Protein chains: 2
Amino acid sequence: MAARRPTVRPGDPISAVDGPALLVDLAAFQRNIATMAAFARGHGLRLRAHGKTHKCGAIAQIQQAAGAVGLCCQKVSEAEVFVDAGIADVLVSNEVIELGKLQRLARLAGRARIGICVDSLLGLERLAEAAAEATAPIDVYIEIEVGAGRCGVPDTAAALALMERVGGSTKLRYAGIQAYQGQAQHLRQPAQRQAAIDAAVRRVTALREALAKRGAPIGIVTGAGTGTFYLEAASGVYDEIQPGSYIFMDRDYRDNAPAAEAPRFEHSLTLLTTVISAAGDHVVVDAGHKAHAIDSGMPAISGRPDLLYRNPSDEHGIISSGDGGALPVLGERLQLIPGHCDPTVNLHDWLIAHRDGLVADIWEVEARGALT
Amino acid sequence: MAARRPTVRPGDPISAVDGPALLVDLAAFQRNIATMAAFARGHGLRLRAHGKTHKCGAIAQIQQAAGAVGLCCQKVSEAEVFVDAGIADVLVSNEVIELGKLQRLARLAGRARIGICVDSLLGLERLAEAAAEATAPIDVYIEIEVGAGRCGVPDTAAALALMERVGGSTKLRYAGIQAYQGQAQHLRQPAQRQAAIDAAVRRVTALREALAKRGAPIGIVTGAGTGTFYLEAASGVYDEIQPGSYIFMDRDYRDNAPAAEAPRFEHSLTLLTTVISAAGDHVVVDAGHKAHAIDSGMPAISGRPDLLYRNPSDEHGIISSGDGGALPVLGERLQLIPGHCDPTVNLHDWLIAHRDGLVADIWEVEARGALT
């Protein structure tokens, strides 16, 4: 079936939007886009915006138009959406091990510049097999483990071994190093984030020196998210940054103590929800686990720091007062600031961009549910 | 755009399914369907299966064919899907406060028997306004609070006041009492669940006695979930049960200590995932927050009690050994037993039913993302 389409159109008042629905404050969103674009330009960095945050062709196009060199994403099925949307350079910043998926990736290579991360010989061999059918070469980034304890080769020797094998296929092009420290993004204090990125930079530097000793190019060093990109930028060893959440922000990023030197971003994404039941010391809203993700904690309530969202269930959340003050009334609408923007957006088929109280645009989340 | 369609067809081997994807063990699923149907029949209870678990017309049809009197669901947009699927009796077991949504519900009333829960005068007045246009009456269930601390009128007096108002509209038909104790479902010990349902039963009984004193009918008393339905059945005050999760089960339900008198259900739902990276003391699979819900804790790993799934991020999970034994290898596929089935299914467009290692059927989750 077709994705559930919102019943509003551009020009309609926001009051006509049925909740739960995701709203994007277009002015704040555009300022976020401009701030990150200016930062990258000012630091001579390539901005490869992360599409896993929005999964939306329209937003990818806005990012590309604002100067992003391209997008990155985590799944081949997301890459298919972004290539369909006309994005010129798409990197799957993740490992893919199945031949069938790699063959789908290879079929994109004639339509856009396509890249992928590799951290195993098996992955590289399957990629080479899939790429044999490609009409254009595929960029290969060797992912190195830089402290997040997730993917990536563990040391310089393993990275060098993989790099040497890339040259064995004429359809693969060694492109550089993926060095993303995902765990550093939500360390609360600037000094903690600094220490984590310093450690990542040391690993990149060791690899860079080993390559220089061999006279081999390092290519593009890419990585960095919304929590730390200013640190990777300052390190001098990264060529490209991959922030995603900066366009929307969320409660989890709000809880980071900001670094003095980092540009600021605004909350642009909210979840519209309605009070459907009111009883004594709490009210109940119609947004639960199926409308927003709580893996990074509870949402905040926009403009109502006196209220707490708690005890979510599948379709409900409880709102109570943090200070004993007045509760919202039955039928009242609230805007939640999601705890974690990426998996929240993945629950929705549409984003409703608004300005001055009116629906400005309706963006389809085409890659929602794109898991393969 | 159309929902992402699986690349497999019935008859294909399960090995051809791309992960992450939800699999349903058809034999176990059918045994679960039969067990609950037999329980309801044996106890003279109406089974109103909860569609919030599966959001899938094909499964609703299977439940109706097995003797369910109808389905319940939480959103008008889910009711629309189930009516489209030919379900004859659909109850929105939740409050809806917006006139526009209630008008959509009223438009369904000519096509199936339609009901909804109410716990406020405002909700009832708006329902009456919407129902004025309906071609058939709408069943009204008064929801009473029975200990979950969520929706429902707080006491007998408030319930009686609302019941009296239902008669004011010829398009509304008083149908009964919604008395669902959601918080009791995952109390771990049978005695805890018993105590919670005993308390709920006392509230229902008080209302029943107040109605008897007035000579007013109580109608159908409905409620109960997979964790406690055997208790509501034993109470003698419930006419109808609303279990949902019994068809799939999940890790959270598995963690309940079973009651001796309760029928058992099997895990039929698993999430297929693949090892995409392997490093030292852990491996990384390709299923994170966007593929399964962790609001009720981490998934188990089917057939591998020695392995632990931990530290999920948006598209990754870490698998480590609980006993120092062998880890899965790169490219190996695992089946996760989701922590919580309902919000996990809501992340997927399709369920792949399998039997004897082959794809048996492919069911669309038509109401995935149906939030309004």
# chains A, B, ... in the order shown; residues from 1 in each chain; ligands from 1
$ select_by_dssp --residues "region 86-241 of chain B" --states "strand (DSSP E)" --output "ChimeraX atom specification"
/B:89-92,113-118,138-143,172-178,220-223,240-241
$ residues_around --residues "Tyr230 (chain B)" --least-positions-apart "2" --cutoff "12 Å" --atoms "only C-alpha atoms" --output "NGL selection string"
:B and (36 or 39-40 or 42-43 or 45 or 185 or 190 or 193-194 or 197 or 223-228 or 232-236 or 238 or 240-243 or 258-264)
$ write_last_selection --atoms "N, CA and C atoms" --output "compact mmCIF listing (two decimals), in the first residue's frame"
# COMPACT_ATOMS: atom_id res chain seq x y z
N MET B 36 -5.32 -19.99 22.15
CA MET B 36 -6.13 -18.90 22.71
C MET B 36 -7.60 -19.06 22.31
N PHE B 39 -9.04 -21.65 24.51
CA PHE B 39 -9.22 -21.14 25.87
C PHE B 39 -10.50 -20.31 25.97
N ALA B 40 -10.68 -19.40 25.04
CA ALA B 40 -11.86 -18.53 25.08
C ALA B 40 -13.14 -19.35 24.94
N GLY B 42 -13.55 -22.50 25.62
CA GLY B 42 -13.71 -23.34 26.80
C GLY B 42 -14.23 -22.58 28.01
N HIS B 43 -13.97 -21.28 28.05
CA HIS B 43 -14.42 -20.47 29.18
C HIS B 43 -15.65 -19.63 28.85
N LEU B 45 -15.92 -17.27 26.80
CA LEU B 45 -15.55 -15.86 26.70
C LEU B 45 -15.49 -15.43 25.24
N GLN B 185 0.41 -6.78 33.17
CA GLN B 185 0.78 -7.81 32.19
C GLN B 185 2.19 -8.34 32.40
N PRO B 190 3.32 -14.77 39.35
CA PRO B 190 1.88 -15.01 39.26
C PRO B 190 1.09 -14.35 40.39
N ARG B 193 0.56 -10.68 39.66
CA ARG B 193 -0.46 -10.47 38.63
C ARG B 193 -1.85 -10.74 39.22
N GLN B 194 -1.94 -11.80 40.02
CA GLN B 194 -3.21 -12.12 40.67
C GLN B 194 -3.70 -10.93 41.51
N ILE B 197 -4.96 -8.05 39.27
CA ILE B 197 -6.25 -8.31 38.62
C ILE B 197 -7.36 -8.41 39.66
N GLY B 223 -11.49 -6.43 28.40
CA GLY B 223 -10.14 -6.06 28.83
C GLY B 223 -9.27 -7.30 28.81
N ALA B 224 -8.13 -7.22 29.50
CA ALA B 224 -7.21 -8.35 29.67
C ALA B 224 -6.21 -8.49 28.52
N GLY B 225 -4.98 -8.79 28.88
CA GLY B 225 -3.92 -8.99 27.90
C GLY B 225 -3.28 -10.37 28.05
N THR B 226 -2.24 -10.59 27.30
CA THR B 226 -1.59 -11.90 27.25
C THR B 226 -1.01 -12.33 28.59
N GLY B 227 -0.64 -11.34 29.43
CA GLY B 227 -0.04 -11.69 30.72
C GLY B 227 -1.03 -12.12 31.79
N THR B 228 -2.30 -11.73 31.62
CA THR B 228 -3.26 -11.95 32.72
C THR B 228 -4.61 -12.51 32.30
N GLU B 232 -8.54 -12.74 34.45
CA GLU B 232 -9.82 -12.10 34.16
C GLU B 232 -10.86 -13.18 33.85
N ALA B 233 -10.44 -14.21 33.11
CA ALA B 233 -11.38 -15.29 32.79
C ALA B 233 -11.90 -15.95 34.07
N ALA B 234 -11.00 -16.21 35.01
CA ALA B 234 -11.38 -16.90 36.25
C ALA B 234 -12.24 -16.03 37.16
N SER B 235 -12.17 -14.70 36.94
CA SER B 235 -12.87 -13.79 37.84
C SER B 235 -14.38 -13.88 37.72
N GLY B 236 -14.85 -14.28 36.55
CA GLY B 236 -16.28 -14.35 36.33
C GLY B 236 -16.94 -13.01 36.03
N TYR B 238 -15.59 -10.72 33.70
CA TYR B 238 -15.24 -10.28 32.33
C TYR B 238 -15.99 -11.15 31.33
N GLU B 240 -15.22 -10.60 27.91
CA GLU B 240 -14.44 -10.54 26.68
C GLU B 240 -13.00 -10.28 27.06
N ILE B 241 -12.07 -10.93 26.35
CA ILE B 241 -10.64 -10.69 26.59
C ILE B 241 -9.99 -10.11 25.33
N GLN B 242 -8.92 -9.34 25.53
CA GLN B 242 -8.31 -8.57 24.44
C GLN B 242 -6.81 -8.86 24.28
N PRO B 243 -6.40 -10.10 24.34
CA PRO B 243 -4.96 -10.34 24.23
C PRO B 243 -4.44 -10.09 22.82
N PRO B 258 5.56 -18.27 34.72
CA PRO B 258 4.22 -18.68 34.30
C PRO B 258 3.35 -19.12 35.48
N ALA B 259 2.07 -18.89 35.33
CA ALA B 259 1.12 -19.41 36.31
C ALA B 259 0.76 -20.84 35.91
N ALA B 260 0.60 -21.70 36.91
CA ALA B 260 0.34 -23.12 36.63
C ALA B 260 -0.92 -23.29 35.78
N GLU B 261 -1.92 -22.42 36.03
CA GLU B 261 -3.21 -22.62 35.37
C GLU B 261 -3.29 -21.96 33.99
N ALA B 262 -2.25 -21.24 33.59
CA ALA B 262 -2.34 -20.48 32.33
C ALA B 262 -1.86 -21.32 31.16
N PRO B 263 -2.54 -21.24 30.02
CA PRO B 263 -2.03 -21.91 28.83
C PRO B 263 -0.71 -21.26 28.39
N ARG B 264 0.11 -22.02 27.70
CA ARG B 264 1.43 -21.54 27.27
C ARG B 264 1.41 -21.17 25.79
$ closest_residue --among "A:Arg31, A:Arg9, A:Lys55, A:Arg126" --to "Gly331 (chain B)" --atoms "only C-alpha atoms"
A:Arg126
$ closest_residue --among "B:Gln63, B:Ser120, B:Asn346, B:Ser169" --to "Pro137 (chain B)" --atoms "only C-alpha atoms"
B:Ser169
$ residues_around --residues "Pro20 (chain B)" --least-positions-apart "6" --cutoff "12 Å" --atoms "only C-alpha atoms" --output "number ranges by chain"
A: 75, 77, 96, 98, 101, 369-372; B: 6, 270-276, 285-292, 315-317, 333-336, 344, 347-352
$ residues_around --residues "Val146 (chain B)" --least-positions-apart "6" --cutoff "10 Å" --atoms "only C-alpha atoms" --output "PyMOL selection string"
chain B and resi 152-155+178-183+196-204
$ write_last_selection --atoms "C-alpha atoms" --output "PDB file, in the first residue's frame"
ATOM      1  CA  GLY B 152     -10.235   5.610  32.445  1.00  0.00           C
ATOM      2  CA  VAL B 153     -12.710   7.319  34.743  1.00  0.00           C
ATOM      3  CA  PRO B 154     -11.565   7.208  38.354  1.00  0.00           C
ATOM      4  CA  ASP B 155     -14.686   5.924  40.094  1.00  0.00           C
ATOM      5  CA  GLN B 178     -13.420  -1.292  29.174  1.00  0.00           C
ATOM      6  CA  ALA B 179     -11.376  -2.469  32.158  1.00  0.00           C
ATOM      7  CA  TYR B 180      -7.827  -3.185  31.035  1.00  0.00           C
ATOM      8  CA  GLN B 181      -4.991  -3.406  33.552  1.00  0.00           C
ATOM      9  CA  GLY B 182      -1.998  -2.797  31.311  1.00  0.00           C
ATOM     10  CA  GLN B 183       0.526  -2.557  34.122  1.00  0.00           C
ATOM     11  CA  ALA B 196      -3.351  -6.627  40.411  1.00  0.00           C
ATOM     12  CA  ILE B 197      -6.248  -8.311  38.620  1.00  0.00           C
ATOM     13  CA  ASP B 198      -8.055  -8.902  41.923  1.00  0.00           C
ATOM     14  CA  ALA B 199      -7.943  -5.143  42.456  1.00  0.00           C
ATOM     15  CA  ALA B 200      -9.241  -4.520  38.946  1.00  0.00           C
ATOM     16  CA  VAL B 201     -12.025  -7.022  39.469  1.00  0.00           C
ATOM     17  CA  ARG B 202     -13.072  -5.229  42.670  1.00  0.00           C
ATOM     18  CA  ARG B 203     -13.524  -2.002  40.713  1.00  0.00           C
ATOM     19  CA  VAL B 204     -15.510  -3.741  38.010  1.00  0.00           C
TER      20      VAL B 204
END
$ residues_around --residues "Leu121 (chain B)" --least-positions-apart "2" --cutoff "10 Å" --atoms "only C-alpha atoms" --output "tab-separated table (two decimals) with all heavy atoms, in the first residue's frame"
chain	number	residue	atom	x	y	z
B	118	VAL	N	-14.53	5.61	25.87
B	118	VAL	CA	-14.71	7.01	26.26
B	118	VAL	C	-14.44	7.10	27.76
B	118	VAL	O	-14.84	6.21	28.52
B	118	VAL	CB	-16.15	7.47	25.94
B	118	VAL	CG1	-16.44	8.83	26.57
B	118	VAL	CG2	-16.38	7.53	24.44
B	119	ASP	N	-13.72	8.15	28.17
B	119	ASP	CA	-13.55	8.36	29.60
B	119	ASP	C	-13.75	9.82	30.00
B	119	ASP	O	-13.36	10.22	31.11
B	119	ASP	CB	-12.19	7.83	30.10
B	119	ASP	CG	-11.01	8.71	29.71
B	119	ASP	OD1	-11.19	9.69	28.94
B	119	ASP	OD2	-9.90	8.43	30.18
B	123	GLY	N	-14.99	13.94	25.33
B	123	GLY	CA	-14.85	12.88	24.34
B	123	GLY	C	-16.19	12.35	23.88
B	123	GLY	O	-16.42	12.11	22.69
B	124	LEU	N	-17.10	12.20	24.82
B	124	LEU	CA	-18.43	11.68	24.50
B	124	LEU	C	-19.22	12.67	23.65
B	124	LEU	O	-19.91	12.29	22.69
B	124	LEU	CB	-19.17	11.35	25.80
B	124	LEU	CG	-20.51	10.64	25.65
B	124	LEU	CD1	-20.37	9.33	24.87
B	124	LEU	CD2	-21.12	10.38	27.02
B	125	GLU	N	-19.13	13.94	23.99
B	125	GLU	CA	-19.86	14.96	23.22
B	125	GLU	C	-19.35	15.02	21.78
B	125	GLU	O	-20.12	15.12	20.83
B	125	GLU	CB	-19.72	16.33	23.89
B	125	GLU	CG	-20.59	16.45	25.15
B	125	GLU	CD	-20.32	17.72	25.93
B	125	GLU	OE1	-19.31	18.41	25.65
B	125	GLU	OE2	-21.12	18.02	26.84
B	126	ARG	N	-18.04	14.97	21.63
B	126	ARG	CA	-17.48	15.01	20.27
B	126	ARG	C	-17.85	13.75	19.50
B	126	ARG	O	-18.13	13.80	18.30
B	126	ARG	CB	-15.97	15.18	20.33
B	126	ARG	CG	-15.59	16.58	20.82
B	126	ARG	CD	-14.24	16.99	20.32
B	126	ARG	NE	-13.91	18.33	20.78
B	126	ARG	CZ	-12.69	18.73	21.12
B	126	ARG	NH1	-11.66	17.89	21.03
B	126	ARG	NH2	-12.47	19.98	21.50
B	127	LEU	N	-17.85	12.61	20.19
B	127	LEU	CA	-18.25	11.36	19.54
B	127	LEU	C	-19.70	11.46	19.07
B	127	LEU	O	-20.03	11.06	17.94
B	127	LEU	CB	-18.07	10.19	20.51
B	127	LEU	CG	-18.50	8.82	19.98
B	127	LEU	CD1	-17.66	8.41	18.77
B	127	LEU	CD2	-18.40	7.76	21.08
B	158	ALA	N	-18.33	8.59	38.32
B	158	ALA	CA	-17.98	9.18	37.03
B	158	ALA	C	-18.40	8.27	35.88
B	158	ALA	O	-18.85	8.74	34.82
B	158	ALA	CB	-16.47	9.44	36.99
B	161	ALA	N	-22.17	8.62	35.41
B	161	ALA	CA	-22.51	9.91	34.78
B	161	ALA	C	-22.33	9.84	33.27
B	161	ALA	O	-23.17	10.32	32.50
B	161	ALA	CB	-21.66	11.02	35.39
B	162	LEU	N	-21.23	9.23	32.85
B	162	LEU	CA	-21.00	9.11	31.40
B	162	LEU	C	-22.01	8.17	30.76
B	162	LEU	O	-22.52	8.45	29.67
B	162	LEU	CB	-19.59	8.60	31.12
B	162	LEU	CG	-18.46	9.62	31.18
B	162	LEU	CD1	-17.14	8.95	30.82
B	162	LEU	CD2	-18.71	10.80	30.23
B	165	ARG	N	-25.17	9.75	29.81
B	165	ARG	CA	-25.12	10.65	28.65
B	165	ARG	C	-25.11	9.90	27.33
B	165	ARG	O	-25.43	10.49	26.29
B	165	ARG	CB	-23.87	11.54	28.74
B	165	ARG	CG	-23.86	12.43	29.97
B	165	ARG	CD	-24.98	13.48	29.88
B	165	ARG	NE	-24.71	14.45	28.87
B	165	ARG	CZ	-24.21	15.67	29.11
B	165	ARG	NH1	-23.97	16.05	30.35
B	165	ARG	NH2	-23.97	16.51	28.13
B	166	VAL	N	-24.68	8.66	27.33
B	166	VAL	CA	-24.61	7.92	26.06
B	166	VAL	C	-26.00	7.83	25.42
B	166	VAL	O	-26.16	7.98	24.20
B	166	VAL	CB	-24.03	6.50	26.27
B	166	VAL	CG1	-24.08	5.69	24.96
B	166	VAL	CG2	-22.61	6.58	26.79
$ atom_distance --atom1 "CA of Ser320 (chain B)" --atom2 "CA of Arg251 (chain B)"
17.9 Å
